[in-house]
>>> print(open('target.pdb').read())   # PDB, C-alpha atoms
MODEL        1
ATOM      1  CA  MET K 203     124.688 101.915  75.326
ATOM      2  CA  ILE K 204     125.907 100.493  72.023
ATOM      3  CA  ALA K 205     125.809 103.427  69.609
ATOM      4  CA  GLY K 206     123.461 103.017  66.658
ATOM      5  CA  THR K 207     125.860 104.104  63.961
ATOM      6  CA  PRO K 208     125.037 104.137  60.217
ATOM      7  CA  PRO K 209     126.766 101.914  57.640
ATOM      8  CA  PRO K 210     130.512 102.691  57.300
ATOM      9  CA  PRO K 211     132.542 104.609  56.419
ATOM     10  CA  TYR K 212     132.578 107.017  59.343
ATOM     11  CA  VAL K 213     135.190 108.111  61.877
ATOM     12  CA  ALA K 214     135.862 106.761  65.378
ATOM     13  CA  VAL K 215     137.774 108.664  68.062
ATOM     14  CA  ILE K 216     139.059 106.144  70.615
ATOM     15  CA  PHE K 217     139.990 107.790  73.914
ATOM     16  CA  SER K 218     141.810 105.404  76.309
ATOM     17  CA  SER K 219     142.650 106.759  79.742
ATOM     18  CA  ILE K 220     143.767 105.993  83.269
ATOM     19  CA  ARG K 221     142.038 108.108  85.889
ATOM     20  CA  ASN K 222     143.689 109.591  88.915
ATOM     21  CA  ASP K 223     142.117 108.783  92.269
ATOM     22  CA  GLY K 224     139.280 110.973  93.500
ATOM     23  CA  ASP K 225     136.507 112.690  91.590
ATOM     24  CA  ASP K 226     137.584 116.366  91.577
ATOM     25  CA  GLY K 227     134.588 117.254  89.440
ATOM     26  CA  TYR K 228     135.289 114.528  86.933
ATOM     27  CA  ALA K 229     131.824 112.913  86.944
ATOM     28  CA  ALA K 230     130.089 116.235  86.282
ATOM     29  CA  MET K 231     132.587 117.118  83.540
ATOM     30  CA  SER K 232     132.213 113.690  81.956
ATOM     31  CA  GLU K 233     128.440 113.998  81.803
ATOM     32  CA  GLU K 234     128.681 117.493  80.394
ATOM     33  CA  MET K 235     131.169 116.327  77.734
ATOM     34  CA  GLY K 236     128.681 113.693  76.641
ATOM     35  CA  ARG K 237     126.001 116.348  76.176
ATOM     36  CA  LEU K 238     128.470 118.663  74.449
ATOM     37  CA  ALA K 239     129.523 115.912  72.013
ATOM     38  CA  ALA K 240     125.916 115.144  71.147
ATOM     39  CA  SER K 241     125.325 118.774  70.172
ATOM     40  CA  GLN K 242     128.269 118.945  67.741
ATOM     41  CA  PRO K 243     127.895 118.793  63.939
ATOM     42  CA  GLY K 244     128.567 115.339  62.536
ATOM     43  CA  TYR K 245     127.979 113.495  65.820
ATOM     44  CA  LEU K 246     126.857 109.881  65.352
ATOM     45  CA  GLY K 247     127.089 108.446  68.865
ATOM     46  CA  ILE K 248     129.277 107.730  71.885
ATOM     47  CA  GLU K 249     130.134 104.680  73.990
ATOM     48  CA  SER K 250     131.997 104.716  77.274
ATOM     49  CA  ALA K 251     133.166 102.147  79.828
ATOM     50  CA  ARG K 252     135.452 102.522  82.834
ATOM     51  CA  ASP K 253     136.446  99.644  85.086
ATOM     52  CA  SER K 254     136.820  99.656  88.852
ATOM     53  CA  GLU K 255     140.585 100.211  88.566
ATOM     54  CA  GLY K 256     140.211 103.500  86.706
ATOM     55  CA  PHE K 257     140.968 102.358  83.176
ATOM     56  CA  GLY K 258     138.443 103.533  80.622
ATOM     57  CA  ILE K 259     137.710 103.647  76.921
ATOM     58  CA  THR K 260     135.380 106.164  75.286
ATOM     59  CA  ALA K 261     134.641 105.742  71.593
ATOM     60  CA  SER K 262     132.863 108.600  69.870
ATOM     61  CA  TYR K 263     131.660 108.349  66.301
ATOM     62  CA  TRP K 264     131.558 111.094  63.676
ATOM     63  CA  THR K 265     130.436 111.465  60.100
ATOM     64  CA  ASP K 266     133.895 112.421  58.845
ATOM     65  CA  GLU K 267     137.415 113.570  59.723
ATOM     66  CA  HIS K 268     136.385 117.200  59.734
ATOM     67  CA  ALA K 269     133.745 116.615  62.420
ATOM     68  CA  ALA K 270     136.171 114.480  64.464
ATOM     69  CA  ARG K 271     138.852 117.198  64.350
ATOM     70  CA  ALA K 272     136.357 119.869  65.327
ATOM     71  CA  TRP K 273     135.303 117.748  68.303
ATOM     72  CA  LYS K 274     138.930 117.342  69.376
ATOM     73  CA  GLY K 275     139.261 121.128  69.507
ATOM     74  CA  VAL K 276     136.012 121.602  71.429
ATOM     75  CA  ALA K 277     136.829 118.821  73.911
ATOM     76  CA  GLU K 278     140.352 120.094  74.612
ATOM     77  CA  HIS K 279     139.082 123.596  75.125
ATOM     78  CA  ALA K 280     136.369 122.409  77.492
ATOM     79  CA  VAL K 281     138.827 120.359  79.547
ATOM     80  CA  ALA K 282     141.393 123.175  79.618
ATOM     81  CA  GLN K 283     138.764 125.586  80.933
ATOM     82  CA  ARG K 284     138.173 123.306  83.875
ATOM     83  CA  LEU K 285     140.659 121.525  86.077
ATOM     84  CA  GLY K 286     142.799 120.171  83.261
ATOM     85  CA  ARG K 287     143.830 116.791  82.069
ATOM     86  CA  GLU K 288     146.761 116.353  84.474
ATOM     87  CA  ARG K 289     144.400 116.451  87.411
ATOM     88  CA  TRP K 290     141.934 113.904  86.080
ATOM     89  CA  TYR K 291     144.104 111.584  84.059
ATOM     90  CA  ARG K 292     147.311 109.782  84.874
ATOM     91  CA  ALA K 293     147.705 109.003  81.185
ATOM     92  CA  TYR K 294     145.643 108.922  78.025
ATOM     93  CA  ARG K 295     145.888 108.186  74.369
ATOM     94  CA  VAL K 296     143.590 109.292  71.575
ATOM     95  CA  ARG K 297     143.357 107.394  68.305
ATOM     96  CA  VAL K 298     141.446 108.667  65.292
ATOM     97  CA  ALA K 299     140.357 105.923  62.924
ATOM     98  CA  THR K 300     138.198 105.390  59.861
ATOM     99  CA  VAL K 301     135.655 102.620  60.381
ATOM    100  CA  THR K 302     135.491 100.456  57.273
ATOM    101  CA  ARG K 303     133.399  97.471  58.369
ATOM    102  CA  GLU K 304     131.032  96.621  61.173
ATOM    103  CA  TYR K 305     128.893  93.724  62.281
ATOM    104  CA  GLY K 306     127.128  92.539  65.414
ATOM    105  CA  PHE K 307     124.026  91.055  66.885
TER     106      PHE K 307
ATOM    107  CA  MET L  26     146.777  99.131  80.335
ATOM    108  CA  ILE L  27     147.091 101.677  77.515
ATOM    109  CA  ALA L  28     148.502  99.718  74.575
ATOM    110  CA  GLY L  29     151.899 100.881  73.337
ATOM    111  CA  THR L  30     151.075 100.952  69.647
ATOM    112  CA  PRO L  31     153.512 102.096  66.925
ATOM    113  CA  PRO L  32     152.971 105.172  64.729
ATOM    114  CA  PRO L  33     149.857 104.869  62.492
ATOM    115  CA  PRO L  34     148.600 103.524  60.208
ATOM    116  CA  TYR L  35     147.455 100.290  61.830
ATOM    117  CA  VAL L  36     144.085  98.637  62.378
ATOM    118  CA  ALA L  37     141.776  98.801  65.418
ATOM    119  CA  VAL L  38     139.023  96.292  66.142
ATOM    120  CA  ILE L  39     136.517  97.931  68.508
ATOM    121  CA  PHE L  40     134.324  95.369  70.267
ATOM    122  CA  SER L  41     131.434  96.966  72.208
ATOM    123  CA  SER L  42     129.246  94.624  74.214
ATOM    124  CA  ILE L  43     126.589  94.279  76.882
ATOM    125  CA  ARG L  44     127.097  91.283  79.136
ATOM    126  CA  ASN L  45     124.388  89.001  80.382
ATOM    127  CA  ASP L  46     124.188  88.539  84.151
ATOM    128  CA  GLY L  47     126.319  85.841  85.746
ATOM    129  CA  ASP L  48     129.786  84.641  84.869
ATOM    130  CA  ASP L  49     129.163  81.282  83.147
ATOM    131  CA  GLY L  50     132.872  80.903  82.468
ATOM    132  CA  TYR L  51     133.151  84.359  80.974
ATOM    133  CA  ALA L  52     136.084  85.598  83.082
ATOM    134  CA  ALA L  53     138.200  82.553  82.222
ATOM    135  CA  MET L  54     137.304  82.827  78.534
ATOM    136  CA  SER L  55     138.065  86.540  78.506
ATOM    137  CA  GLU L  56     141.512  85.995  80.002
ATOM    138  CA  GLU L  57     142.233  83.186  77.562
ATOM    139  CA  MET L  58     141.132  85.348  74.628
ATOM    140  CA  GLY L  59     143.619  87.988  75.715
ATOM    141  CA  ARG L  60     146.431  85.445  75.668
ATOM    142  CA  LEU L  61     145.213  84.037  72.363
ATOM    143  CA  ALA L  62     145.148  87.485  70.765
ATOM    144  CA  ALA L  63     148.691  88.216  71.931
ATOM    145  CA  SER L  64     149.942  85.072  70.196
ATOM    146  CA  GLN L  65     148.448  85.964  66.797
ATOM    147  CA  PRO L  66     150.482  87.326  63.868
ATOM    148  CA  GLY L  67     150.239  91.079  63.544
ATOM    149  CA  TYR L  68     149.130  91.689  67.140
ATOM    150  CA  LEU L  69     150.027  95.153  68.457
ATOM    151  CA  GLY L  70     148.116  95.358  71.726
ATOM    152  CA  ILE L  71     144.759  95.224  73.456
ATOM    153  CA  GLU L  72     142.785  97.464  75.828
ATOM    154  CA  SER L  73     139.651  96.494  77.679
ATOM    155  CA  ALA L  74     137.243  98.164  80.115
ATOM    156  CA  ARG L  75     133.886  97.015  81.428
ATOM    157  CA  ASP L  76     131.740  99.042  83.801
ATOM    158  CA  SER L  77     129.707  97.819  86.751
ATOM    159  CA  GLU L  78     126.537  97.714  84.630
ATOM    160  CA  GLY L  79     127.982  95.191  82.179
ATOM    161  CA  PHE L  80     128.818  97.498  79.281
ATOM    162  CA  GLY L  81     132.311  97.021  77.918
ATOM    163  CA  ILE L  82     134.656  98.097  75.151
ATOM    164  CA  THR L  83     137.665  96.073  74.036
ATOM    165  CA  ALA L  84     139.970  97.615  71.449
ATOM    166  CA  SER L  85     142.555  95.339  69.879
ATOM    167  CA  TYR L  86     145.223  96.677  67.561
ATOM    168  CA  TRP L  87     146.731  94.955  64.522
ATOM    169  CA  THR L  88     149.382  95.678  61.955
ATOM    170  CA  ASP L  89     146.962  95.477  59.022
ATOM    171  CA  GLU L  90     143.527  94.386  57.765
ATOM    172  CA  HIS L  91     144.740  90.887  57.067
ATOM    173  CA  ALA L  92     145.810  90.339  60.679
ATOM    174  CA  ALA L  93     142.550  91.874  61.975
ATOM    175  CA  ARG L  94     140.458  89.575  59.763
ATOM    176  CA  ALA L  95     142.449  86.531  60.841
ATOM    177  CA  TRP L  96     141.860  87.459  64.483
ATOM    178  CA  LYS L  97     138.114  87.792  63.842
ATOM    179  CA  GLY L  98     138.086  84.205  62.557
ATOM    180  CA  VAL L  99     140.137  82.862  65.473
ATOM    181  CA  ALA L 100     138.051  84.726  68.067
ATOM    182  CA  GLU L 101     134.715  83.594  66.620
ATOM    183  CA  HIS L 102     135.916  80.022  66.463
ATOM    184  CA  ALA L 103     137.145  80.121  70.053
ATOM    185  CA  VAL L 104     133.857  81.589  71.325
ATOM    186  CA  ALA L 105     131.784  79.114  69.288
ATOM    187  CA  GLN L 106     133.709  76.202  70.780
ATOM    188  CA  ARG L 107     132.714  77.339  74.230
ATOM    189  CA  LEU L 108     129.345  78.472  75.509
ATOM    190  CA  GLY L 109     128.612  80.849  72.678
ATOM    191  CA  ARG L 110     127.963  84.520  72.302
ATOM    192  CA  GLU L 111     124.241  84.380  73.110
ATOM    193  CA  ARG L 112     125.027  83.117  76.589
ATOM    194  CA  TRP L 113     127.606  85.767  77.433
ATOM    195  CA  TYR L 114     126.389  88.781  75.543
ATOM    196  CA  ARG L 115     123.021  90.466  75.357
ATOM    197  CA  ALA L 116     124.282  92.440  72.384
ATOM    198  CA  TYR L 117     127.534  93.395  70.734
ATOM    199  CA  ARG L 118     128.926  95.327  67.840
ATOM    200  CA  VAL L 119     132.322  95.011  66.193
ATOM    201  CA  ARG L 120     133.854  97.857  64.226
ATOM    202  CA  VAL L 121     137.014  97.499  62.178
ATOM    203  CA  ALA L 122     138.839 100.762  61.623
ATOM    204  CA  THR L 123     142.092 102.110  60.242
ATOM    205  CA  VAL L 124     143.890 104.336  62.744
ATOM    206  CA  THR L 125     145.254 107.381  60.952
ATOM    207  CA  ARG L 126     146.371 109.649  63.806
ATOM    208  CA  GLU L 127     147.160 109.329  67.480
ATOM    209  CA  TYR L 128     148.303 111.521  70.322
ATOM    210  CA  GLY L 129     148.359 111.439  74.095
ATOM    211  CA  PHE L 130     150.338 112.103  77.212
TER     212      PHE L 130
ENDMDL
END
>>> encode(input="target.pdb", output="structure tokens")
Amino acid sequence: MIAGTPPPPYVAVIFSSIRNDGDDGYAAMSEEMGRLAASQPGYLGIESARDSEGFGITASYWTDEHAARAWKGVAEHAVAQRLGRERWYRAYRVRVATVTREYGF
Amino acid sequence: MIAGTPPPPYVAVIFSSIRNDGDDGYAAMSEEMGRLAASQPGYLGIESARDSEGFGITASYWTDEHAARAWKGVAEHAVAQRLGRERWYRAYRVRVATVTREYGF
């Protein structure tokens, strides 16, 4: 579940969101988005956690800014084609960041 | 729950972890770490989600690299003084990243 990313630098897209109540196709969309991300150029990995109160963070990792921007376009298009963000999310914020250091165990 | 961060640039520390089973004082430590973070210089906000399977992401936000590094030292010290990372976490990874863009609704 922890993404096996290469040594930095690379790009992280941090998607923080509050879900609305009810599924409304969200689970299926979420799974499909994971598959869609993994098929994009420059994809390095994805991590996702949502708590029981509906707050979630998804971090996806990309080789560079270009790949991260392309993913943003693909993801927005995919969501727009379906029920739309207002139905699934009460609020969200996306942050695009360049990873400079990493460590762990 | 979504942190109200200022316009970029600023620094994100993305902490991805897999919990061990059982609490072992984790919940109390986690709450205290949140308070501790908020009292540090350069703190901008924190977001945290953990799913029912024990995978979690905590993103903390800092004015600059210096503040993020200082927090790393404080957090490691605080964890080491208590039961230790091996007891609470099966695995974790920390990524330090510079946020360059953000958007949301």
>>> residues_around(input="target.pdb", residues="stretch 34-37 of chain L", least_positions_apart="6", cutoff="8 Å", atoms="all atoms listed in the file", output="MDAnalysis selection string")
(chainID K and resid 299) or (chainID L and resid 84:90 93 121:126)
>>> write_last_selection(input="target.pdb", atoms="C-alpha atoms", output="PDB file, keeping the file's coordinate frame")
ATOM      1  CA  ALA K 299     140.357 105.923  62.924  1.00  0.00           C
TER       2      ALA K 299
ATOM      3  CA  ALA L  84     139.970  97.615  71.449  1.00  0.00           C
ATOM      4  CA  SER L  85     142.555  95.339  69.879  1.00  0.00           C
ATOM      5  CA  TYR L  86     145.223  96.677  67.561  1.00  0.00           C
ATOM      6  CA  TRP L  87     146.731  94.955  64.522  1.00  0.00           C
ATOM      7  CA  THR L  88     149.382  95.678  61.955  1.00  0.00           C
ATOM      8  CA  ASP L  89     146.962  95.477  59.022  1.00  0.00           C
ATOM      9  CA  GLU L  90     143.527  94.386  57.765  1.00  0.00           C
ATOM     10  CA  ALA L  93     142.550  91.874  61.975  1.00  0.00           C
ATOM     11  CA  VAL L 121     137.014  97.499  62.178  1.00  0.00           C
ATOM     12  CA  ALA L 122     138.839 100.762  61.623  1.00  0.00           C
ATOM     13  CA  THR L 123     142.092 102.110  60.242  1.00  0.00           C
ATOM     14  CA  VAL L 124     143.890 104.336  62.744  1.00  0.00           C
ATOM     15  CA  THR L 125     145.254 107.381  60.952  1.00  0.00           C
ATOM     16  CA  ARG L 126     146.371 109.649  63.806  1.00  0.00           C
TER      17      ARG L 126
END
>>> closest_atom_pairs(input="target.pdb", of="chain K", to="chain L", cutoff="12 Å", atoms="all atoms listed in the file", output="JSON lines")
{"residue": "K:Met203", "atom": "CA", "partner": "L:Phe80", "partner_atom": "CA", "distance": 7.2}
{"residue": "K:Ile204", "atom": "CA", "partner": "L:Ser41", "partner_atom": "CA", "distance": 6.6}
{"residue": "K:Ala205", "atom": "CA", "partner": "L:Arg118", "partner_atom": "CA", "distance": 8.9}
{"residue": "K:Gly206", "atom": "CA", "partner": "L:Arg118", "partner_atom": "CA", "distance": 9.5}
{"residue": "K:Thr207", "atom": "CA", "partner": "L:Arg118", "partner_atom": "CA", "distance": 10.1}
{"residue": "K:Pro208", "atom": "CA", "partner": "L:Arg120", "partner_atom": "CA", "distance": 11.5}
{"residue": "K:Pro209", "atom": "CA", "partner": "L:Arg120", "partner_atom": "CA", "distance": 10.5}
{"residue": "K:Pro210", "atom": "CA", "partner": "L:Arg120", "partner_atom": "CA", "distance": 9.1}
{"residue": "K:Pro211", "atom": "CA", "partner": "L:Ala122", "partner_atom": "CA", "distance": 9.0}
{"residue": "K:Tyr212", "atom": "CA", "partner": "L:Ala122", "partner_atom": "CA", "distance": 9.1}
{"residue": "K:Val213", "atom": "CA", "partner": "L:Ala122", "partner_atom": "CA", "distance": 8.2}
{"residue": "K:Ala214", "atom": "CA", "partner": "L:Ala122", "partner_atom": "CA", "distance": 7.7}
{"residue": "K:Val215", "atom": "CA", "partner": "L:Val124", "partner_atom": "CA", "distance": 9.2}
{"residue": "K:Ile216", "atom": "CA", "partner": "L:Ala84", "partner_atom": "CA", "distance": 8.6}
{"residue": "K:Phe217", "atom": "CA", "partner": "L:Gly129", "partner_atom": "CA", "distance": 9.1}
{"residue": "K:Ser218", "atom": "CA", "partner": "L:Ile27", "partner_atom": "CA", "distance": 6.6}
{"residue": "K:Ser219", "atom": "CA", "partner": "L:Ile27", "partner_atom": "CA", "distance": 7.1}
{"residue": "K:Ile220", "atom": "CA", "partner": "L:Ile27", "partner_atom": "CA", "distance": 7.9}
{"residue": "K:Arg221", "atom": "CA", "partner": "L:Met26", "partner_atom": "CA", "distance": 11.6}
{"residue": "K:Ile248", "atom": "CA", "partner": "L:Ser41", "partner_atom": "CA", "distance": 11.0}
{"residue": "K:Glu249", "atom": "CA", "partner": "L:Ser41", "partner_atom": "CA", "distance": 8.0}
{"residue": "K:Ser250", "atom": "CA", "partner": "L:Ile82", "partner_atom": "CA", "distance": 7.4}
{"residue": "K:Ala251", "atom": "CA", "partner": "L:Asp76", "partner_atom": "CA", "distance": 5.2}
{"residue": "K:Arg252", "atom": "CA", "partner": "L:Asp76", "partner_atom": "CA", "distance": 5.2}
{"residue": "K:Asp253", "atom": "CA", "partner": "L:Asp76", "partner_atom": "CA", "distance": 4.9}
{"residue": "K:Ser254", "atom": "CA", "partner": "L:Asp76", "partner_atom": "CA", "distance": 7.2}
{"residue": "K:Glu255", "atom": "CA", "partner": "L:Ala74", "partner_atom": "CA", "distance": 9.3}
{"residue": "K:Gly256", "atom": "CA", "partner": "L:Ala74", "partner_atom": "CA", "distance": 9.0}
{"residue": "K:Phe257", "atom": "CA", "partner": "L:Ala74", "partner_atom": "CA", "distance": 6.4}
{"residue": "K:Gly258", "atom": "CA", "partner": "L:Ala74", "partner_atom": "CA", "distance": 5.5}
{"residue": "K:Ile259", "atom": "CA", "partner": "L:Ala74", "partner_atom": "CA", "distance": 6.4}
{"residue": "K:Thr260", "atom": "CA", "partner": "L:Ile82", "partner_atom": "CA", "distance": 8.1}
{"residue": "K:Ala261", "atom": "CA", "partner": "L:Ile82", "partner_atom": "CA", "distance": 8.4}
{"residue": "K:Ser262", "atom": "CA", "partner": "L:Ile39", "partner_atom": "CA", "distance": 11.4}
{"residue": "K:Tyr263", "atom": "CA", "partner": "L:Arg120", "partner_atom": "CA", "distance": 10.9}
{"residue": "K:Glu267", "atom": "CA", "partner": "L:Thr125", "partner_atom": "CA", "distance": 10.1}
{"residue": "K:Ala270", "atom": "CA", "partner": "L:Arg126", "partner_atom": "CA", "distance": 11.3}
{"residue": "K:Arg271", "atom": "CA", "partner": "L:Arg126", "partner_atom": "CA", "distance": 10.7}
{"residue": "K:Lys274", "atom": "CA", "partner": "L:Tyr128", "partner_atom": "CA", "distance": 11.1}
{"residue": "K:Glu278", "atom": "CA", "partner": "L:Gly129", "partner_atom": "CA", "distance": 11.8}
{"residue": "K:Arg287", "atom": "CA", "partner": "L:Phe130", "partner_atom": "CA", "distance": 9.4}
{"residue": "K:Glu288", "atom": "CA", "partner": "L:Phe130", "partner_atom": "CA", "distance": 9.1}
{"residue": "K:Tyr291", "atom": "CA", "partner": "L:Phe130", "partner_atom": "CA", "distance": 9.3}
{"residue": "K:Arg292", "atom": "CA", "partner": "L:Phe130", "partner_atom": "CA", "distance": 8.6}
{"residue": "K:Ala293", "atom": "CA", "partner": "L:Phe130", "partner_atom": "CA", "distance": 5.7}
{"residue": "K:Tyr294", "atom": "CA", "partner": "L:Gly129", "partner_atom": "CA", "distance": 5.4}
{"residue": "K:Arg295", "atom": "CA", "partner": "L:Gly129", "partner_atom": "CA", "distance": 4.1}
{"residue": "K:Val296", "atom": "CA", "partner": "L:Tyr128", "partner_atom": "CA", "distance": 5.4}
{"residue": "K:Arg297", "atom": "CA", "partner": "L:Glu127", "partner_atom": "CA", "distance": 4.3}
{"residue": "K:Val298", "atom": "CA", "partner": "L:Arg126", "partner_atom": "CA", "distance": 5.2}
{"residue": "K:Ala299", "atom": "CA", "partner": "L:Val124", "partner_atom": "CA", "distance": 3.9}
{"residue": "K:Thr300", "atom": "CA", "partner": "L:Ala122", "partner_atom": "CA", "distance": 5.0}
{"residue": "K:Val301", "atom": "CA", "partner": "L:Ala122", "partner_atom": "CA", "distance": 3.9}
{"residue": "K:Thr302", "atom": "CA", "partner": "L:Ala122", "partner_atom": "CA", "distance": 5.5}
{"residue": "K:Arg303", "atom": "CA", "partner": "L:Val121", "partner_atom": "CA", "distance": 5.3}
{"residue": "K:Glu304", "atom": "CA", "partner": "L:Arg120", "partner_atom": "CA", "distance": 4.3}
{"residue": "K:Tyr305", "atom": "CA", "partner": "L:Val119", "partner_atom": "CA", "distance": 5.4}
{"residue": "K:Gly306", "atom": "CA", "partner": "L:Arg118", "partner_atom": "CA", "distance": 4.1}
{"residue": "K:Phe307", "atom": "CA", "partner": "L:Ala116", "partner_atom": "CA", "distance": 5.7}
>>> atom_distance(input="target.pdb", atom1="atom CA of K:Leu238", atom2="atom CA of K:Asp223")
24.5 Å
>>> residues_around(input="target.pdb", residues="K:Trp273", least_positions_apart="5", cutoff="9 Å", atoms="only C-alpha atoms", output="ChimeraX atom specification")
/K:239,242-243,245,264,268,278
>>> atom_distance(input="target.pdb", atom1="atom CA of L:Arg107", atom2="atom CA of L:Tyr51")
9.7 Å
>>> atom_distance(input="target.pdb", atom1="atom CA of L:Arg60", atom2="atom CA of L:Ala105")
17.2 Å
>>> residues_around(input="target.pdb", residues="L:Asp48", least_positions_apart="4", cutoff="12 Å", atoms="all atoms listed in the file", output="VMD selection string")
chain L and resid 44 52 to 55 79 108 112 to 114
